[in-house]
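Peer 1: Sharing a structure here in structure tokens format.
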Amino acid sequence: MIKGAAVARHVDIVGFGRVGRALAGSLARAGYAVRAWTPTPRGRAGEDVEVHEGAMPTGFPSGDLVFLAVSDRAIESVAKALPLGEGQIVAHLSGAAGLDVLDVAAARGAEVGSLHPLVSVPPGASELPPCHAAVDGTDAARRALERLARELGLRPFHLPAERRGLYHAAASLAANGLVALSSLAARLLESMGMERKEAVEALLPLVGSAVEAVRSRGIPAALTGPVARGDAETVRRHLQALAGSDAETAYRALMQEALALARELGEANESALDTIAALLRK
């Protein structure tokens, strides 16, 4: 069993969806003995991972470290139903849920925490890609989870409970917001007569190049386009083309942020940027 901040070598995972499967694979490759259980038989298996489907195996979970890789709404009920207790670290993988959903495990003597990989895990992924990971928990749980994260090639950072809503909103904007924005842009191309599939295919290289620019050049240097150049006339034409649509609202909000980045970048004429600011306020 875990003592203090020691890292477990035997890990049990409840749930074997996208994140649970990827986490199990990463743990196994790092030398951990990993068992996973899911109540729904779907013929799932994991390389170097002992996977149980259907009935819960005897003595499960008995790992020094137990991850609850279930949906946010199920964490609390699953924690209540499992024989968790003293000598174990119990952690969920949610970015939104706090530690209170693990109160029953804490009351039974377990150290509790959370580990949220800040990445979108695709279906079928066999391990977690290198990424940051938000960690919180009791002192012992937090130390153990941070050490484990580093072993898995992740970059842990502390997520204070009072900042969890802000953190998850940022993550949702970056991931879900990008998908929604791509959909909005694709709908504009559809209105010109393109099929949705063609519109998405047309936009993908552009979206990919923008993401790569953020990665390679950072912010604000990755900013391009009319706002970055101080091209007020082009912004005016955009607003005229979008007038009255839901895309206009999104465009105005996003270009306000682009305007702040353009001022930080310092490459455009300030007077031109003031003109753009006035256009965006109308």
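Residues are referred to by chain and number: the chain letter is A, B, ... according to the order shown in the structure tokens, the number counts from 1 in that chain, and ligands are numbered separately from 1 in the order shown.
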Find the residues around stretch 232-245 of chain A up to 10 Å (only C-alpha atoms counted), leave out those fewer than 5 positions away in its own chain, and share them as a list in words.

Peer 2: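 The contact residues come out as Leu188, Gly225, Pro226, Val227, Ala250, Tyr251, Arg252, Met255, Ser271, Ala272, Leu273, Asp274, Thr275, Ile276, Ala277, Ala278, Leu279, Leu280 and Lys282 of chain A.
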
Peer 1: Just write the chosen residues, C-alpha atoms, as a JSON list (two decimals), in the first residue's frame.

Peer 2:
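Saved result, out_26.json, follows:
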[["chain", "number", "residue", "atom", "x", "y", "z"],
["A", 188, "LEU", "CA", -20.25, 30.27, -44.32],
["A", 225, "GLY", "CA", -4.83, 38.70, -41.23],
["A", 226, "PRO", "CA", -6.46, 42.10, -41.58],
["A", 227, "VAL", "CA", -6.52, 43.03, -37.90],
["A", 250, "ALA", "CA", -18.75, 35.64, -33.07],
["A", 251, "TYR", "CA", -16.61, 37.65, -35.49],
["A", 252, "ARG", "CA", -16.91, 40.85, -33.42],
["A", 255, "MET", "CA", -11.68, 40.22, -33.53],
["A", 271, "SER", "CA", -4.58, 54.90, -35.80],
["A", 272, "ALA", "CA", -5.68, 52.07, -38.09],
["A", 273, "LEU", "CA", -6.24, 49.81, -35.08],
["A", 274, "ASP", "CA", -8.36, 52.54, -33.46],
["A", 275, "THR", "CA", -10.50, 52.62, -36.60],
["A", 276, "ILE", "CA", -10.96, 48.84, -36.39],
["A", 277, "ALA", "CA", -11.89, 49.15, -32.72],
["A", 278, "ALA", "CA", -14.62, 51.65, -33.64],
["A", 279, "LEU", "CA", -15.95, 49.34, -36.36],
["A", 280, "LEU", "CA", -16.12, 46.40, -33.98],
["A", 282, "LYS", "CA", -20.83, 49.45, -33.79]]

Peer 1: Could you find all residues in stretch 126-230 of chain A that DSSP calls alpha helix (DSSP H) from the backbone, and write them as a PyMOL selection string?

Peer 2: chain A and resi 139-151+164-190+196-217+226-229

Peer 1: Excluding A:Phe67 and any residue of its chain fewer than 6 positions from it, enumerate the residues within 7 Å of it, using only C-alpha atoms, and give them as JSON, numbers by chain.

Peer 2: {"A": [12, 13, 14, 90, 91, 92]}

Peer 1: Export all heavy atoms of the chosen residues as a PDB file, in the first residue's frame?

Peer 2:
ATOM      1  N   ASP A  12      -5.176   0.319 -10.323  1.00  0.00           N
ATOM      2  CA  ASP A  12      -6.464  -0.156 -10.821  1.00  0.00           C
ATOM      3  C   ASP A  12      -7.206   1.009 -11.455  1.00  0.00           C
ATOM      4  O   ASP A  12      -7.186   2.135 -10.918  1.00  0.00           O
ATOM      5  CB  ASP A  12      -7.306  -0.744  -9.692  1.00  0.00           C
ATOM      6  CG  ASP A  12      -6.815  -2.111  -9.254  1.00  0.00           C
ATOM      7  OD1 ASP A  12      -6.182  -2.793 -10.073  1.00  0.00           O
ATOM      8  OD2 ASP A  12      -7.071  -2.490  -8.096  1.00  0.00           O
ATOM      9  N   ILE A  13      -7.860   0.742 -12.584  1.00  0.00           N
ATOM     10  CA  ILE A  13      -8.611   1.774 -13.298  1.00  0.00           C
ATOM     11  C   ILE A  13     -10.050   1.323 -13.454  1.00  0.00           C
ATOM     12  O   ILE A  13     -10.320   0.232 -13.966  1.00  0.00           O
ATOM     13  CB  ILE A  13      -8.002   2.053 -14.692  1.00  0.00           C
ATOM     14  CG1 ILE A  13      -6.559   2.522 -14.548  1.00  0.00           C
ATOM     15  CG2 ILE A  13      -8.825   3.093 -15.440  1.00  0.00           C
ATOM     16  CD1 ILE A  13      -5.845   2.757 -15.869  1.00  0.00           C
ATOM     17  N   VAL A  14     -10.959   2.141 -12.999  1.00  0.00           N
ATOM     18  CA  VAL A  14     -12.393   1.868 -13.131  1.00  0.00           C
ATOM     19  C   VAL A  14     -12.885   2.626 -14.356  1.00  0.00           C
ATOM     20  O   VAL A  14     -12.904   3.852 -14.373  1.00  0.00           O
ATOM     21  CB  VAL A  14     -13.163   2.309 -11.876  1.00  0.00           C
ATOM     22  CG1 VAL A  14     -14.653   1.990 -12.035  1.00  0.00           C
ATOM     23  CG2 VAL A  14     -12.603   1.630 -10.633  1.00  0.00           C
ATOM     24  N   VAL A  90      -7.039   7.601  -4.282  1.00  0.00           N
ATOM     25  CA  VAL A  90      -8.177   7.514  -5.203  1.00  0.00           C
ATOM     26  C   VAL A  90      -8.258   8.833  -5.953  1.00  0.00           C
ATOM     27  O   VAL A  90      -8.352   9.896  -5.338  1.00  0.00           O
ATOM     28  CB  VAL A  90      -9.495   7.244  -4.453  1.00  0.00           C
ATOM     29  CG1 VAL A  90     -10.657   7.162  -5.440  1.00  0.00           C
ATOM     30  CG2 VAL A  90      -9.388   5.964  -3.636  1.00  0.00           C
ATOM     31  N   ALA A  91      -8.210   8.760  -7.278  1.00  0.00           N
ATOM     32  CA  ALA A  91      -8.196   9.984  -8.084  1.00  0.00           C
ATOM     33  C   ALA A  91      -9.160   9.867  -9.253  1.00  0.00           C
ATOM     34  O   ALA A  91      -9.306   8.786  -9.837  1.00  0.00           O
ATOM     35  CB  ALA A  91      -6.794  10.273  -8.604  1.00  0.00           C
ATOM     36  N   HIS A  92      -9.814  10.967  -9.590  1.00  0.00           N
ATOM     37  CA  HIS A  92     -10.611  10.998 -10.812  1.00  0.00           C
ATOM     38  C   HIS A  92      -9.844  11.752 -11.888  1.00  0.00           C
ATOM     39  O   HIS A  92      -8.812  12.381 -11.624  1.00  0.00           O
ATOM     40  CB  HIS A  92     -12.000  11.592 -10.564  1.00  0.00           C
ATOM     41  CG  HIS A  92     -12.026  13.043 -10.171  1.00  0.00           C
ATOM     42  ND1 HIS A  92     -11.634  14.050 -11.020  1.00  0.00           N
ATOM     43  CD2 HIS A  92     -12.441  13.671  -9.030  1.00  0.00           C
ATOM     44  CE1 HIS A  92     -11.789  15.223 -10.437  1.00  0.00           C
ATOM     45  NE2 HIS A  92     -12.278  15.021  -9.212  1.00  0.00           N
TER      46      HIS A  92
END

Peer 1: May I have the residues within 12 Å of A:Ala45 as a PyMOL selection string, using only C-alpha atoms and disregarding those fewer than 3 positions away in the same chain?

Peer 2: chain A and resi 16-17+20-22+24-25+35-38+41-42+48-53+124+126

Peer 1: Could you dump the residues just selected with N, CA and C atoms as a JSON list (two decimals), in the first residue's frame?

Peer 2:
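New file part-v3.json:
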[["chain", "number", "residue", "atom", "x", "y", "z"],
["A", 16, "PHE", "N", -13.00, 1.99, -18.91],
["A", 16, "PHE", "CA", -12.01, 1.73, -19.96],
["A", 16, "PHE", "C", -12.48, 2.37, -21.26],
["A", 17, "GLY", "N", -12.85, 3.65, -21.16],
["A", 17, "GLY", "CA", -13.18, 4.43, -22.35],
["A", 17, "GLY", "C", -11.90, 5.01, -22.93],
["A", 20, "GLY", "N", -9.41, 6.29, -20.06],
["A", 20, "GLY", "CA", -9.00, 5.17, -19.24],
["A", 20, "GLY", "C", -8.07, 4.23, -19.98],
["A", 21, "ARG", "N", -8.40, 3.93, -21.24],
["A", 21, "ARG", "CA", -7.56, 3.05, -22.05],
["A", 21, "ARG", "C", -6.19, 3.66, -22.29],
["A", 22, "ALA", "N", -6.16, 4.96, -22.66],
["A", 22, "ALA", "CA", -4.88, 5.63, -22.93],
["A", 22, "ALA", "C", -4.03, 5.70, -21.67],
["A", 24, "ALA", "N", -4.16, 3.66, -19.11],
["A", 24, "ALA", "CA", -3.71, 2.30, -18.80],
["A", 24, "ALA", "C", -2.49, 1.94, -19.64],
["A", 25, "GLY", "N", -2.53, 2.27, -20.92],
["A", 25, "GLY", "CA", -1.39, 1.98, -21.79],
["A", 25, "GLY", "C", -0.13, 2.71, -21.36],
["A", 35, "ARG", "N", -4.59, -3.02, -13.81],
["A", 35, "ARG", "CA", -5.85, -3.73, -14.04],
["A", 35, "ARG", "C", -6.92, -2.70, -14.34],
["A", 36, "ALA", "N", -7.80, -3.04, -15.25],
["A", 36, "ALA", "CA", -8.92, -2.14, -15.56],
["A", 36, "ALA", "C", -10.21, -2.94, -15.54],
["A", 37, "TRP", "N", -11.26, -2.30, -15.11],
["A", 37, "TRP", "CA", -12.58, -2.95, -15.08],
["A", 37, "TRP", "C", -13.63, -2.01, -15.65],
["A", 38, "THR", "N", -14.48, -2.57, -16.49],
["A", 38, "THR", "CA", -15.63, -1.83, -17.01],
["A", 38, "THR", "C", -16.85, -2.75, -16.94],
["A", 41, "PRO", "N", -19.62, -5.16, -21.20],
["A", 41, "PRO", "CA", -18.82, -6.02, -22.08],
["A", 41, "PRO", "C", -18.87, -5.53, -23.53],
["A", 42, "ARG", "N", -17.71, -5.19, -24.07],
["A", 42, "ARG", "CA", -17.64, -4.74, -25.46],
["A", 42, "ARG", "C", -16.45, -5.36, -26.19],
["A", 48, "ASP", "N", -0.72, -5.23, -22.55],
["A", 48, "ASP", "CA", -0.03, -5.26, -21.25],
["A", 48, "ASP", "C", -0.91, -4.78, -20.11],
["A", 49, "VAL", "N", -2.22, -4.80, -20.31],
["A", 49, "VAL", "CA", -3.17, -4.38, -19.29],
["A", 49, "VAL", "C", -4.18, -5.50, -19.06],
["A", 50, "GLU", "N", -4.44, -5.83, -17.81],
["A", 50, "GLU", "CA", -5.42, -6.85, -17.45],
["A", 50, "GLU", "C", -6.80, -6.19, -17.44],
["A", 51, "VAL", "N", -7.62, -6.51, -18.42],
["A", 51, "VAL", "CA", -8.93, -5.86, -18.57],
["A", 51, "VAL", "C", -10.04, -6.85, -18.21],
["A", 52, "HIS", "N", -10.93, -6.42, -17.31],
["A", 52, "HIS", "CA", -12.09, -7.22, -16.92],
["A", 52, "HIS", "C", -13.36, -6.50, -17.36],
["A", 53, "GLU", "N", -14.26, -7.23, -17.98],
["A", 53, "GLU", "CA", -15.53, -6.68, -18.42],
["A", 53, "GLU", "C", -16.67, -7.44, -17.77],
["A", 124, "GLY", "N", -9.46, 4.93, -29.53],
["A", 124, "GLY", "CA", -8.47, 3.91, -29.84],
["A", 124, "GLY", "C", -7.05, 4.24, -29.44],
["A", 126, "SER", "N", -3.72, 4.31, -27.58],
["A", 126, "SER", "CA", -3.17, 3.30, -26.68],
["A", 126, "SER", "C", -2.35, 3.91, -25.55]]

Peer 1: Counting only C-alpha atoms, what is within 8 Å of stretch 94-106 of chain A, bar same-chain residues fewer than 4 positions away, as a ChimeraX atom specification?

Peer 2: /A:71-72,75-76,79-80,84-85,90,110-116,134,137,161,164-165,167-168

Peer 1: Which neighbours of A:Pro117 fall inside 8 Å, counting only C-alpha atoms, when residues of the same chain fewer than 3 positions from it are skipped, and could you give them as a ChimeraX atom specification?

Peer 2: /A:93,131-134,154

Peer 1: Selected residues, N, CA, C and O atoms, written as a PDB file, in the first residue's frame, please.

Peer 2:
ATOM      1  N   LEU A  93     -10.361  11.675 -13.118  1.00  0.00           N
ATOM      2  CA  LEU A  93      -9.670  12.246 -14.277  1.00  0.00           C
ATOM      3  C   LEU A  93     -10.425  13.421 -14.872  1.00  0.00           C
ATOM      4  O   LEU A  93     -10.161  13.818 -16.008  1.00  0.00           O
ATOM      5  N   CYS A 131       1.705  16.001 -22.723  1.00  0.00           N
ATOM      6  CA  CYS A 131       0.823  17.166 -22.517  1.00  0.00           C
ATOM      7  C   CYS A 131       0.966  17.636 -21.076  1.00  0.00           C
ATOM      8  O   CYS A 131       1.593  16.986 -20.245  1.00  0.00           O
ATOM      9  N   HIS A 132       0.384  18.779 -20.786  1.00  0.00           N
ATOM     10  CA  HIS A 132       0.271  19.234 -19.409  1.00  0.00           C
ATOM     11  C   HIS A 132      -0.841  18.444 -18.723  1.00  0.00           C
ATOM     12  O   HIS A 132      -1.737  17.912 -19.388  1.00  0.00           O
ATOM     13  N   ALA A 133      -0.773  18.385 -17.405  1.00  0.00           N
ATOM     14  CA  ALA A 133      -1.814  17.686 -16.650  1.00  0.00           C
ATOM     15  C   ALA A 133      -2.097  18.463 -15.374  1.00  0.00           C
ATOM     16  O   ALA A 133      -1.175  18.783 -14.608  1.00  0.00           O
ATOM     17  N   ALA A 134      -3.371  18.776 -15.155  1.00  0.00           N
ATOM     18  CA  ALA A 134      -3.788  19.509 -13.962  1.00  0.00           C
ATOM     19  C   ALA A 134      -3.946  18.538 -12.801  1.00  0.00           C
ATOM     20  O   ALA A 134      -4.603  17.506 -12.932  1.00  0.00           O
ATOM     21  N   LEU A 154       4.189  13.495 -18.768  1.00  0.00           N
ATOM     22  CA  LEU A 154       3.286  14.638 -18.688  1.00  0.00           C
ATOM     23  C   LEU A 154       3.948  15.763 -17.898  1.00  0.00           C
ATOM     24  O   LEU A 154       4.931  15.538 -17.185  1.00  0.00           O
TER      25      LEU A 154
END

Peer 1: Could you find all residues in stretch 38-157 of chain A that DSSP calls strand (DSSP E or B) from the backbone, and write them as a PyMOL selection string?

Peer 2: chain A and resi 38+46+49-53+65-68+89-92+111-117+132-137+155-157

Peer 1: So, with only C-alpha atoms as the atoms that count, which of A:Glu195, A:Glu264, A:Asp246, A:Glu257 lies closest to A:Pro220?

Peer 2: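 Counting only C-alpha atoms, the residue closest to A:Pro220 is A:Glu264.
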
Peer 1: Neighbouring residues of A:Ser62 were defined as those with any atom within 9 Å, considering only C-alpha atoms; residues of the same chain fewer than 6 positions away were excluded. Please report them as a ChimeraX atom specification.

Peer 2: /A:1,10-12,83-84,88

Peer 1: So, with only C-alpha atoms as the atoms that count, which of A:Leu184, A:Ala268, A:Val119, A:Leu148 lies closest to A:Gly31?

Peer 2: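 Residue with the minimum atom-to-atom distance to A:Gly31: A:Leu148.
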